[in-house]
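Novice: Input file: target.pdb. Contents: PDB, C-alpha atoms.
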ATOM      1  CA  MET A   1      42.108 -11.201  -7.457  1.00  0.00           C
ATOM      2  CA  ASP A   2      40.785  -8.035  -5.936  1.00  0.00           C
ATOM      3  CA  ALA A   3      38.316  -8.482  -3.085  1.00  0.00           C
ATOM      4  CA  VAL A   4      34.816  -7.369  -3.787  1.00  0.00           C
ATOM      5  CA  ASN A   5      33.735  -4.697  -1.326  1.00  0.00           C
ATOM      6  CA  PRO A   6      30.201  -5.239   0.009  1.00  0.00           C
ATOM      7  CA  ALA A   7      27.698  -2.476  -0.478  1.00  0.00           C
ATOM      8  CA  PRO A   8      27.735  -0.047   2.475  1.00  0.00           C
ATOM      9  CA  ARG A   9      24.985  -0.620   4.994  1.00  0.00           C
ATOM     10  CA  ASP A  10      22.343   2.092   5.061  1.00  0.00           C
ATOM     11  CA  ASP A  11      22.336   3.355   8.647  1.00  0.00           C
ATOM     12  CA  ARG A  12      20.136   6.404   8.144  1.00  0.00           C
ATOM     13  CA  PRO A  13      17.456   6.573  10.856  1.00  0.00           C
ATOM     14  CA  LEU A  14      14.943   7.542   8.151  1.00  0.00           C
ATOM     15  CA  ARG A  15      15.595   4.250   6.357  1.00  0.00           C
ATOM     16  CA  VAL A  16      13.035   2.651   8.686  1.00  0.00           C
ATOM     17  CA  ILE A  17      10.270   4.633   6.979  1.00  0.00           C
ATOM     18  CA  GLU A  18      10.967   2.848   3.693  1.00  0.00           C
ATOM     19  CA  ASP A  19      10.618  -0.655   5.161  1.00  0.00           C
ATOM     20  CA  ALA A  20       6.854  -0.693   4.530  1.00  0.00           C
ATOM     21  CA  TYR A  21       7.502  -0.948   0.792  1.00  0.00           C
ATOM     22  CA  GLU A  22       9.532  -4.135   1.330  1.00  0.00           C
ATOM     23  CA  TYR A  23       6.667  -5.707   3.277  1.00  0.00           C
ATOM     24  CA  ALA A  24       4.191  -4.633   0.596  1.00  0.00           C
ATOM     25  CA  PHE A  25       6.312  -6.026  -2.244  1.00  0.00           C
ATOM     26  CA  ALA A  26       6.760  -9.278  -0.341  1.00  0.00           C
ATOM     27  CA  ALA A  27       2.981  -9.586   0.062  1.00  0.00           C
ATOM     28  CA  LEU A  28       2.380  -8.775  -3.607  1.00  0.00           C
ATOM     29  CA  HIS A  29       4.744 -11.528  -4.743  1.00  0.00           C
ATOM     30  CA  ASP A  30       3.811 -14.158  -2.157  1.00  0.00           C
ATOM     31  CA  PRO A  31       1.065 -16.430  -3.554  1.00  0.00           C
ATOM     32  CA  HIS A  32       0.220 -17.588  -0.018  1.00  0.00           C
ATOM     33  CA  ALA A  33      -0.199 -14.110   1.482  1.00  0.00           C
ATOM     34  CA  PRO A  34      -3.764 -12.831   1.992  1.00  0.00           C
ATOM     35  CA  PRO A  35      -4.624 -10.686  -1.048  1.00  0.00           C
ATOM     36  CA  LEU A  36      -5.212  -7.522   0.968  1.00  0.00           C
ATOM     37  CA  ASP A  37      -2.013  -7.620   3.056  1.00  0.00           C
ATOM     38  CA  ALA A  38      -0.198  -5.383   0.563  1.00  0.00           C
ATOM     39  CA  VAL A  39      -3.177  -3.013   0.456  1.00  0.00           C
ATOM     40  CA  VAL A  40      -3.126  -2.683   4.241  1.00  0.00           C
ATOM     41  CA  TRP A  41       0.628  -2.086   4.406  1.00  0.00           C
ATOM     42  CA  LEU A  42       0.528   0.555   1.689  1.00  0.00           C
ATOM     43  CA  CYS A  43      -2.553   2.333   3.049  1.00  0.00           C
ATOM     44  CA  VAL A  44      -1.083   2.561   6.534  1.00  0.00           C
ATOM     45  CA  HIS A  45       2.277   3.723   5.212  1.00  0.00           C
ATOM     46  CA  LEU A  46       0.878   6.330   2.829  1.00  0.00           C
ATOM     47  CA  SER A  47      -1.377   7.743   5.556  1.00  0.00           C
ATOM     48  CA  ALA A  48       1.418   7.867   8.146  1.00  0.00           C
ATOM     49  CA  VAL A  49       3.781   9.540   5.666  1.00  0.00           C
ATOM     50  CA  GLN A  50       1.154  12.116   4.774  1.00  0.00           C
ATOM     51  CA  HIS A  51       0.299  12.719   8.439  1.00  0.00           C
ATOM     52  CA  VAL A  52       3.880  13.041   9.719  1.00  0.00           C
ATOM     53  CA  VAL A  53       6.631  13.031   7.091  1.00  0.00           C
ATOM     54  CA  GLN A  54       4.893  15.234   4.531  1.00  0.00           C
ATOM     55  CA  ARG A  55       4.953  18.127   6.986  1.00  0.00           C
ATOM     56  CA  GLU A  56       8.734  17.998   7.228  1.00  0.00           C
ATOM     57  CA  LEU A  57       9.087  17.594   3.476  1.00  0.00           C
ATOM     58  CA  THR A  58       6.908  20.643   2.898  1.00  0.00           C
ATOM     59  CA  ARG A  59       8.693  22.669   5.578  1.00  0.00           C
ATOM     60  CA  LEU A  60      12.242  21.921   4.465  1.00  0.00           C
ATOM     61  CA  LEU A  61      12.016  20.842   0.821  1.00  0.00           C
ATOM     62  CA  ALA A  62       8.940  22.628  -0.517  1.00  0.00           C
ATOM     63  CA  GLY A  63       8.860  22.541  -4.303  1.00  0.00           C
ATOM     64  CA  PRO A  64       7.610  20.691  -7.392  1.00  0.00           C
ATOM     65  CA  GLU A  65       9.186  17.371  -6.375  1.00  0.00           C
ATOM     66  CA  VAL A  66       7.389  17.326  -3.028  1.00  0.00           C
ATOM     67  CA  ASP A  67       4.097  18.270  -4.701  1.00  0.00           C
ATOM     68  CA  ALA A  68       4.558  15.489  -7.267  1.00  0.00           C
ATOM     69  CA  PHE A  69       5.269  13.030  -4.463  1.00  0.00           C
ATOM     70  CA  ARG A  70       2.024  13.974  -2.712  1.00  0.00           C
ATOM     71  CA  ARG A  71       0.038  13.564  -5.958  1.00  0.00           C
ATOM     72  CA  GLY A  72       1.695  10.193  -6.549  1.00  0.00           C
ATOM     73  CA  GLY A  73       0.502   9.022  -3.141  1.00  0.00           C
ATOM     74  CA  VAL A  74      -3.088  10.016  -3.907  1.00  0.00           C
ATOM     75  CA  GLN A  75      -2.966   8.281  -7.283  1.00  0.00           C
ATOM     76  CA  LEU A  76      -1.628   5.158  -5.596  1.00  0.00           C
ATOM     77  CA  GLU A  77      -4.586   5.269  -3.197  1.00  0.00           C
ATOM     78  CA  HIS A  78      -6.967   5.285  -6.190  1.00  0.00           C
ATOM     79  CA  THR A  79      -5.326   2.127  -7.530  1.00  0.00           C
ATOM     80  CA  LEU A  80      -5.426   0.488  -4.107  1.00  0.00           C
ATOM     81  CA  ARG A  81      -9.121   1.305  -3.865  1.00  0.00           C
ATOM     82  CA  THR A  82      -9.766  -0.366  -7.230  1.00  0.00           C
ATOM     83  CA  LEU A  83      -7.820  -3.454  -6.142  1.00  0.00           C
ATOM     84  CA  GLU A  84      -9.817  -3.603  -2.899  1.00  0.00           C
ATOM     85  CA  GLN A  85     -13.076  -3.357  -4.852  1.00  0.00           C
ATOM     86  CA  LEU A  86     -11.982  -6.181  -7.141  1.00  0.00           C
ATOM     87  CA  ASP A  87     -11.129  -8.385  -4.178  1.00  0.00           C
ATOM     88  CA  CYS A  88     -14.541  -7.696  -2.624  1.00  0.00           C
ATOM     89  CA  GLY A  89     -16.402  -8.437  -5.872  1.00  0.00           C
ATOM     90  CA  ASP A  90     -17.729  -4.905  -6.268  1.00  0.00           C
ATOM     91  CA  GLY A  91     -19.919  -4.782  -9.378  1.00  0.00           C
ATOM     92  CA  LEU A  92     -18.747  -1.224 -10.110  1.00  0.00           C
ATOM     93  CA  VAL A  93     -15.375  -2.598 -11.238  1.00  0.00           C
ATOM     94  CA  SER A  94     -16.556  -5.861 -12.792  1.00  0.00           C
ATOM     95  CA  HIS A  95     -15.321  -4.687 -16.192  1.00  0.00           C
ATOM     96  CA  VAL A  96     -11.788  -3.965 -14.913  1.00  0.00           C
ATOM     97  CA  ASP A  97      -8.912  -6.344 -15.676  1.00  0.00           C
ATOM     98  CA  ALA A  98      -7.517  -7.386 -12.275  1.00  0.00           C
ATOM     99  CA  GLY A  99      -4.174  -8.418 -13.748  1.00  0.00           C
ATOM    100  CA  LEU A 100      -3.754  -5.045 -15.379  1.00  0.00           C
ATOM    101  CA  VAL A 101      -4.564  -3.265 -12.120  1.00  0.00           C
ATOM    102  CA  LEU A 102      -2.051  -5.391 -10.223  1.00  0.00           C
ATOM    103  CA  ARG A 103       0.712  -4.697 -12.734  1.00  0.00           C
ATOM    104  CA  SER A 104      -0.105  -0.993 -12.618  1.00  0.00           C
ATOM    105  CA  LEU A 105      -0.004  -1.109  -8.819  1.00  0.00           C
ATOM    106  CA  ILE A 106       3.451  -2.702  -8.792  1.00  0.00           C
ATOM    107  CA  ASP A 107       4.766  -0.049 -11.188  1.00  0.00           C
ATOM    108  CA  GLN A 108       3.240   2.757  -9.113  1.00  0.00           C
ATOM    109  CA  VAL A 109       4.568   1.375  -5.849  1.00  0.00           C
ATOM    110  CA  ARG A 110       8.056   1.075  -7.309  1.00  0.00           C
ATOM    111  CA  ALA A 111       7.942   4.636  -8.635  1.00  0.00           C
ATOM    112  CA  GLN A 112       6.575   6.029  -5.350  1.00  0.00           C
ATOM    113  CA  ALA A 113       9.190   4.125  -3.338  1.00  0.00           C
ATOM    114  CA  ASP A 114      12.001   5.521  -5.516  1.00  0.00           C
ATOM    115  CA  HIS A 115      10.570   9.040  -5.219  1.00  0.00           C
ATOM    116  CA  GLU A 116      10.258   8.716  -1.457  1.00  0.00           C
ATOM    117  CA  HIS A 117      13.816   7.391  -1.197  1.00  0.00           C
ATOM    118  CA  ARG A 118      15.218  10.437  -2.987  1.00  0.00           C
ATOM    119  CA  LEU A 119      13.244  12.844  -0.810  1.00  0.00           C
ATOM    120  CA  LEU A 120      14.257  11.091   2.407  1.00  0.00           C
ATOM    121  CA  LEU A 121      17.906  11.282   1.378  1.00  0.00           C
ATOM    122  CA  ARG A 122      17.531  15.040   0.938  1.00  0.00           C
ATOM    123  CA  LEU A 123      15.590  15.335   4.174  1.00  0.00           C
ATOM    124  CA  ALA A 124      18.321  13.465   6.060  1.00  0.00           C
ATOM    125  CA  GLU A 125      20.772  16.153   4.963  1.00  0.00           C
ATOM    126  CA  ARG A 126      18.627  18.806   6.646  1.00  0.00           C
ATOM    127  CA  LEU A 127      17.881  16.991   9.908  1.00  0.00           C
ATOM    128  CA  SER A 128      20.208  15.893  12.695  1.00  0.00           C
ATOM    129  CA  ALA A 129      20.318  12.236  13.703  1.00  0.00           C
ATOM    130  CA  ASP A 130      18.209  12.993  16.792  1.00  0.00           C
ATOM    131  CA  GLU A 131      15.642  14.865  14.700  1.00  0.00           C
ATOM    132  CA  GLN A 132      15.482  11.947  12.284  1.00  0.00           C
ATOM    133  CA  ARG A 133      14.913   9.475  15.112  1.00  0.00           C
ATOM    134  CA  ARG A 134      12.115  11.647  16.518  1.00  0.00           C
ATOM    135  CA  LEU A 135      10.509  11.776  13.087  1.00  0.00           C
ATOM    136  CA  VAL A 136      10.721   7.984  12.801  1.00  0.00           C
ATOM    137  CA  ALA A 137       9.136   7.619  16.254  1.00  0.00           C
ATOM    138  CA  ASP A 138       6.279   9.933  15.203  1.00  0.00           C
ATOM    139  CA  TYR A 139       5.860   7.948  11.987  1.00  0.00           C
ATOM    140  CA  GLU A 140       5.708   4.629  13.855  1.00  0.00           C
ATOM    141  CA  ARG A 141       3.109   6.008  16.279  1.00  0.00           C
ATOM    142  CA  ALA A 142       1.065   7.219  13.323  1.00  0.00           C
ATOM    143  CA  MET A 143       1.242   3.771  11.709  1.00  0.00           C
ATOM    144  CA  ALA A 144      -0.363   2.264  14.785  1.00  0.00           C
ATOM    145  CA  HIS A 145      -3.466   4.416  14.282  1.00  0.00           C
ATOM    146  CA  ALA A 146      -3.519   5.062  10.525  1.00  0.00           C
ATOM    147  CA  PRO A 147      -6.353   4.029   8.184  1.00  0.00           C
ATOM    148  CA  THR A 148      -5.990   0.468   6.911  1.00  0.00           C
ATOM    149  CA  ARG A 149      -8.110   1.038   3.792  1.00  0.00           C
ATOM    150  CA  PRO A 150      -7.633   3.425   0.881  1.00  0.00           C
ATOM    151  CA  HIS A 151      -9.465   6.763   1.049  1.00  0.00           C
ATOM    152  CA  PRO A 152      -8.439   8.560  -2.154  1.00  0.00           C
ATOM    153  CA  HIS A 153     -11.354  11.011  -1.978  1.00  0.00           C
ATOM    154  CA  ALA A 154     -10.711  12.055   1.630  1.00  0.00           C
ATOM    155  CA  PRO A 155      -9.060  15.432   2.311  1.00  0.00           C
ATOM    156  CA  HIS A 156      -5.265  15.322   2.050  1.00  0.00           C
ATOM    157  CA  GLY A 157      -4.481  18.819   3.277  1.00  0.00           C
ATOM    158  CA  ARG A 158      -2.825  19.617   6.573  1.00  0.00           C
ATOM    159  CA  LEU A 159      -5.874  20.485   8.689  1.00  0.00           C
ATOM    160  CA  LEU A 160      -8.713  18.481   7.146  1.00  0.00           C
ATOM    161  CA  GLY A 161      -6.268  15.716   6.310  1.00  0.00           C
ATOM    162  CA  SER A 162      -5.363  15.330   9.995  1.00  0.00           C
ATOM    163  CA  LEU A 163      -9.032  15.099  10.891  1.00  0.00           C
ATOM    164  CA  ALA A 164      -9.678  12.543   8.140  1.00  0.00           C
ATOM    165  CA  PHE A 165      -6.655  10.543   9.358  1.00  0.00           C
ATOM    166  CA  ARG A 166      -8.155  10.142  12.825  1.00  0.00           C
ATOM    167  CA  ILE A 167     -11.734   9.497  11.709  1.00  0.00           C
ATOM    168  CA  ASN A 168     -10.846   7.046   8.947  1.00  0.00           C
ATOM    169  CA  GLY A 169      -8.258   5.298  11.114  1.00  0.00           C
ATOM    170  CA  SER A 170     -10.750   4.667  13.916  1.00  0.00           C
ATOM    171  CA  ARG A 171     -13.482   3.635  11.475  1.00  0.00           C
ATOM    172  CA  ASP A 172     -11.239   1.261   9.528  1.00  0.00           C
ATOM    173  CA  ARG A 173      -9.969  -0.536  12.599  1.00  0.00           C
ATOM    174  CA  ILE A 174     -13.480  -1.037  13.915  1.00  0.00           C
ATOM    175  CA  MET A 175     -14.479  -2.464  10.528  1.00  0.00           C
ATOM    176  CA  ASP A 176     -11.379  -4.689  10.495  1.00  0.00           C
ATOM    177  CA  THR A 177     -12.477  -6.163  13.810  1.00  0.00           C
ATOM    178  CA  LEU A 178     -16.071  -6.664  12.658  1.00  0.00           C
ATOM    179  CA  ASP A 179     -14.937  -8.213   9.359  1.00  0.00           C
ATOM    180  CA  SER A 180     -12.193 -10.306  11.018  1.00  0.00           C
ATOM    181  CA  ARG A 181      -9.851  -8.719   8.502  1.00  0.00           C
ATOM    182  CA  PRO A 182      -6.150  -9.284   9.246  1.00  0.00           C
ATOM    183  CA  THR A 183      -3.999  -6.197   9.706  1.00  0.00           C
ATOM    184  CA  PRO A 184      -0.342  -7.261   9.448  1.00  0.00           C
ATOM    185  CA  THR A 185       0.980  -3.771  10.205  1.00  0.00           C
ATOM    186  CA  PRO A 186       1.836  -2.437  13.682  1.00  0.00           C
ATOM    187  CA  HIS A 187      -1.184  -1.706  15.815  1.00  0.00           C
ATOM    188  CA  PRO A 188      -1.609  -0.120  19.243  1.00  0.00           C
ATOM    189  CA  PRO A 189      -1.269  -2.653  22.067  1.00  0.00           C
ATOM    190  CA  ARG A 190      -4.338  -3.239  24.154  1.00  0.00           C
ATOM    191  CA  LYS A 191      -4.138  -1.726  27.601  1.00  0.00           C
ATOM    192  CA  PRO A 192      -4.524  -4.278  30.392  1.00  0.00           C
ATOM    193  CA  VAL A 193      -7.855  -3.998  32.125  1.00  0.00           C
ATOM    194  CA  LYS A 194      -7.379  -3.064  35.752  1.00  0.00           C
ATOM    195  CA  SER A 195      -9.445  -5.234  38.018  1.00  0.00           C
ATOM    196  CA  SER A 196     -11.754  -3.616  40.560  1.00  0.00           C
ATOM    197  CA  ARG A 197     -11.819  -4.512  44.253  1.00  0.00           C
ATOM    198  CA  TRP A 198     -14.880  -6.690  43.649  1.00  0.00           C
ATOM    199  CA  GLY A 199     -13.088  -8.326  40.754  1.00  0.00           C
ATOM    200  CA  ASP A 200     -10.063  -9.065  42.921  1.00  0.00           C
ATOM    201  CA  TYR A 201     -12.379 -10.492  45.575  1.00  0.00           C
ATOM    202  CA  LEU A 202     -14.165 -12.762  43.100  1.00  0.00           C
ATOM    203  CA  ILE A 203     -10.864 -13.955  41.608  1.00  0.00           C
ATOM    204  CA  GLY A 204      -9.556 -14.687  45.089  1.00  0.00           C
ATOM    205  CA  ALA A 205     -12.754 -16.474  46.109  1.00  0.00           C
ATOM    206  CA  SER A 206     -12.697 -18.604  42.979  1.00  0.00           C
ATOM    207  CA  HIS A 207      -9.071 -19.514  43.634  1.00  0.00           C
ATOM    208  CA  ILE A 208      -9.898 -20.554  47.199  1.00  0.00           C
ATOM    209  CA  ASP A 209     -12.898 -22.622  46.067  1.00  0.00           C
ATOM    210  CA  SER A 210     -10.822 -24.421  43.461  1.00  0.00           C
ATOM    211  CA  ARG A 211      -8.227 -25.369  46.068  1.00  0.00           C
ATOM    212  CA  ARG A 212     -10.990 -26.731  48.305  1.00  0.00           C
ATOM    213  CA  ASP A 213     -12.354 -28.820  45.459  1.00  0.00           C
ATOM    214  CA  ARG A 214      -8.947 -30.368  44.828  1.00  0.00           C
ATOM    215  CA  SER A 215      -8.568 -31.221  48.498  1.00  0.00           C
TER     216      SER A 215
END
Could you express the structure from this file as C-alpha cells?

Specialist:
Amino acid sequence: MDAVNPAPRDDRPLRVIEDAYEYAFAALHDPHAPPLDAVVWLCVHLSAVQHVVQRELTRLLAGPEVDAFRRGGVQLEHTLRTLEQLDCGDGLVSHVDAGLVLRSLIDQVRAQADHEHRLLLRLAERLSADEQRRLVADYERAMAHAPTRPHPHAPHGRLLGSLAFRINGSRDRIMDTLDSRPTPTPHPPRKPVKSSRWGDYLIGASHIDSRRDRS
C-alpha cells in the first residue's frame, strides 16, 4: 500500500494574517463563547488589514480583485454591525431574523477569507521573506490598537481611513473598558507605572512597619 503523503505545511510568513479567521470561526461555532467574540476578532482583523495590508495590495497588485476585496470587507462590516445591534437589543433591527444574519455572516466570512488567501499568495510572490515578516509585524501592531466594533460608515480611504482607525480604535477600547466587554484579540500591554521617590519611601516605610508589627 502506498503511503499517504501529508499535506505540506504552510510556512509563509503572511499565513499569520489569516489566523484571525480561524479564531472567528471557532467563536461562531462554539455555543459557550461570548456572542460578540467573533465580532471583535473580525472587526480588529478587517481594520488591521485595511490599515496595513491593503496598502501593499494596492501598491503591488492594484486591480479589480483588490477593489472587490476592499468592498467585501466593508460589506462584512455592515453585517457585523447588524449582528452587534441584534445582540444589544437595538429596536432598529427588531424585525431582522438573527439566524439569517448569522448564516449570511458565515458565508461572507468564508468568502472574504478565501479572497484574502488568494491575494496573500500573490503578495507573497512579490515580497521577500523579510518584507513579509515586517508586514506581519506591522499587522500585529495594528491589531493591538484597531477598533473592536464595526464602523461600516467610517472612511475607508488611505488618509481619512487612517485617522478613523486611530479615533475609532481609541474610542472602542475606552467603551470596552466602561462596558466590561471582553476583547479576546491581542491588546497593547499596560506599561508599568514607575514609582516616584515619595512612593518608594512610603513602600519602604510600610514594609518596615509591617516587620515591626510581626516582631

Novice: List every protein, DNA or RNA residue that has an atom no more than 10 Å from (13.5, 21.9, 4.7) in the file's coordinate frame, counting all atoms listed in the file, and report them as a list of chain:residue names.

Specialist: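 Residues with an atom close enough to that point: A:Arg55, A:Glu56, A:Leu57, A:Thr58, A:Arg59, A:Leu60, A:Leu61, A:Ala62, A:Arg122, A:Leu123, A:Ala124, A:Glu125, A:Arg126, A:Leu127.
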
Novice: Counting only C-alpha atoms, which residue out of A:Ala24, A:Val16, A:Glu77, A:Gln85 sits closest to A:Ala154?

Specialist: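 Closest to A:Ala154, using only C-alpha atoms: A:Glu77.
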
Novice: Excluding same-chain residues fewer than 2 positions from A:Glu84, what lies within 10 Å of it counting only C-alpha atoms, as a list in words?

Specialist: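 Returned residues: Pro35, Leu36, Val39, Val40, His78, Thr79, Leu80, Arg81, Thr82, Leu86, Asp87, Cys88, Gly89, Asp90, Arg149 and Pro150 of chain A.
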
Novice: Which residue, A:Phe69, A:Arg118, A:Arg133, A:Val44, has the smallest gap to A:Asn168 when you use all atoms listed in the file?

Specialist: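 Closest to A:Asn168, using all atoms listed in the file: A:Val44.
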
Novice: Anything within 10 Å of (-5.8, 7.8, 13.8): list those residues as a ChimeraX atom specification, counting all atoms listed in the file and sticking to the file's coordinates.

Specialist: /A:47-48,51,141-147,162-173

Novice: As a PDB file with C-alpha atoms, in the coordinates of the input, please: the residues near A:Glu22 (cut-off 12 Å, all atoms listed in the file, same-chain neighbours under 2 positions excluded).

Specialist:
ATOM      1  CA  ARG A  15      15.595   4.250   6.357  1.00  0.00           C
ATOM      2  CA  VAL A  16      13.035   2.651   8.686  1.00  0.00           C
ATOM      3  CA  ILE A  17      10.270   4.633   6.979  1.00  0.00           C
ATOM      4  CA  GLU A  18      10.967   2.848   3.693  1.00  0.00           C
ATOM      5  CA  ASP A  19      10.618  -0.655   5.161  1.00  0.00           C
ATOM      6  CA  ALA A  20       6.854  -0.693   4.530  1.00  0.00           C
ATOM      7  CA  ALA A  24       4.191  -4.633   0.596  1.00  0.00           C
ATOM      8  CA  PHE A  25       6.312  -6.026  -2.244  1.00  0.00           C
ATOM      9  CA  ALA A  26       6.760  -9.278  -0.341  1.00  0.00           C
ATOM     10  CA  ALA A  27       2.981  -9.586   0.062  1.00  0.00           C
ATOM     11  CA  LEU A  28       2.380  -8.775  -3.607  1.00  0.00           C
ATOM     12  CA  HIS A  29       4.744 -11.528  -4.743  1.00  0.00           C
ATOM     13  CA  ALA A  38      -0.198  -5.383   0.563  1.00  0.00           C
ATOM     14  CA  TRP A  41       0.628  -2.086   4.406  1.00  0.00           C
ATOM     15  CA  LEU A  42       0.528   0.555   1.689  1.00  0.00           C
ATOM     16  CA  HIS A  45       2.277   3.723   5.212  1.00  0.00           C
ATOM     17  CA  ILE A 106       3.451  -2.702  -8.792  1.00  0.00           C
ATOM     18  CA  VAL A 109       4.568   1.375  -5.849  1.00  0.00           C
ATOM     19  CA  ARG A 110       8.056   1.075  -7.309  1.00  0.00           C
ATOM     20  CA  ALA A 113       9.190   4.125  -3.338  1.00  0.00           C
TER      21      ALA A 113
END

Novice: Do you have the atom CA of A:Gly72-atom CA of A:Gln112 distance handy?

Specialist: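 Separating atom CA of A:Gly72 from atom CA of A:Gln112 is a distance of 6.5 Å.
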
Novice: Can you tell me how far atom CA of A:Asp114 sits from atom CA of A:Val66, in Å to one decimal?

Specialist: 12.9 Å

Novice: Using only the atoms of stretch 18-30 of chain A listed in the file, plus 5 Å on each side, state the axis-aligned box centre and edge lengths in Å rounded to one decimal, as AutoDock Vina command-line options.

Specialist:
--center_x 6.7 --center_y -5.7 --center_z 0.2 --size_x 18.6 --size_y 27.0 --size_z 19.9

Novice: What does the distance between atom CA of A:His115 and atom CA of A:Gly157 come to in Å, to one decimal place?

Specialist: 19.9 Å

Novice: From the options A:Arg103, A:Leu120, A:Gln132, A:Gly73, which residue's atoms come nearest to A:Pro13, counting all atoms listed in the file?

Specialist: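 Looking only at the distances to A:Pro13, the closest residue turns out to be A:Gln132.
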
Novice: Identify which of the residues A:Pro31, A:Leu76, A:Gln54, A:Ser128 lies closest to A:Arg158, counting all atoms listed in the file when measuring atom-to-atom distances.

Specialist: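 Using all atoms listed in the file, A:Arg158 sits closest to A:Gln54.
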
Novice: When distances are computed from all atoms listed in the file, which of A:Arg12, A:Gln50, A:Pro152, A:Asp67 shows the smallest separation from A:Tyr139?

Specialist: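 Checking each candidate against A:Tyr139, we get A:Gln50 as the closest.
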
Novice: Find the residue from A:Ala137, A:Ala33, A:His151, A:Arg71 that sits nearest to A:Val53; use all atoms listed in the file when measuring.

Specialist: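 Nearest candidate to A:Val53 out of A:Ala137, A:Ala33, A:His151, A:Arg71: A:Ala137.
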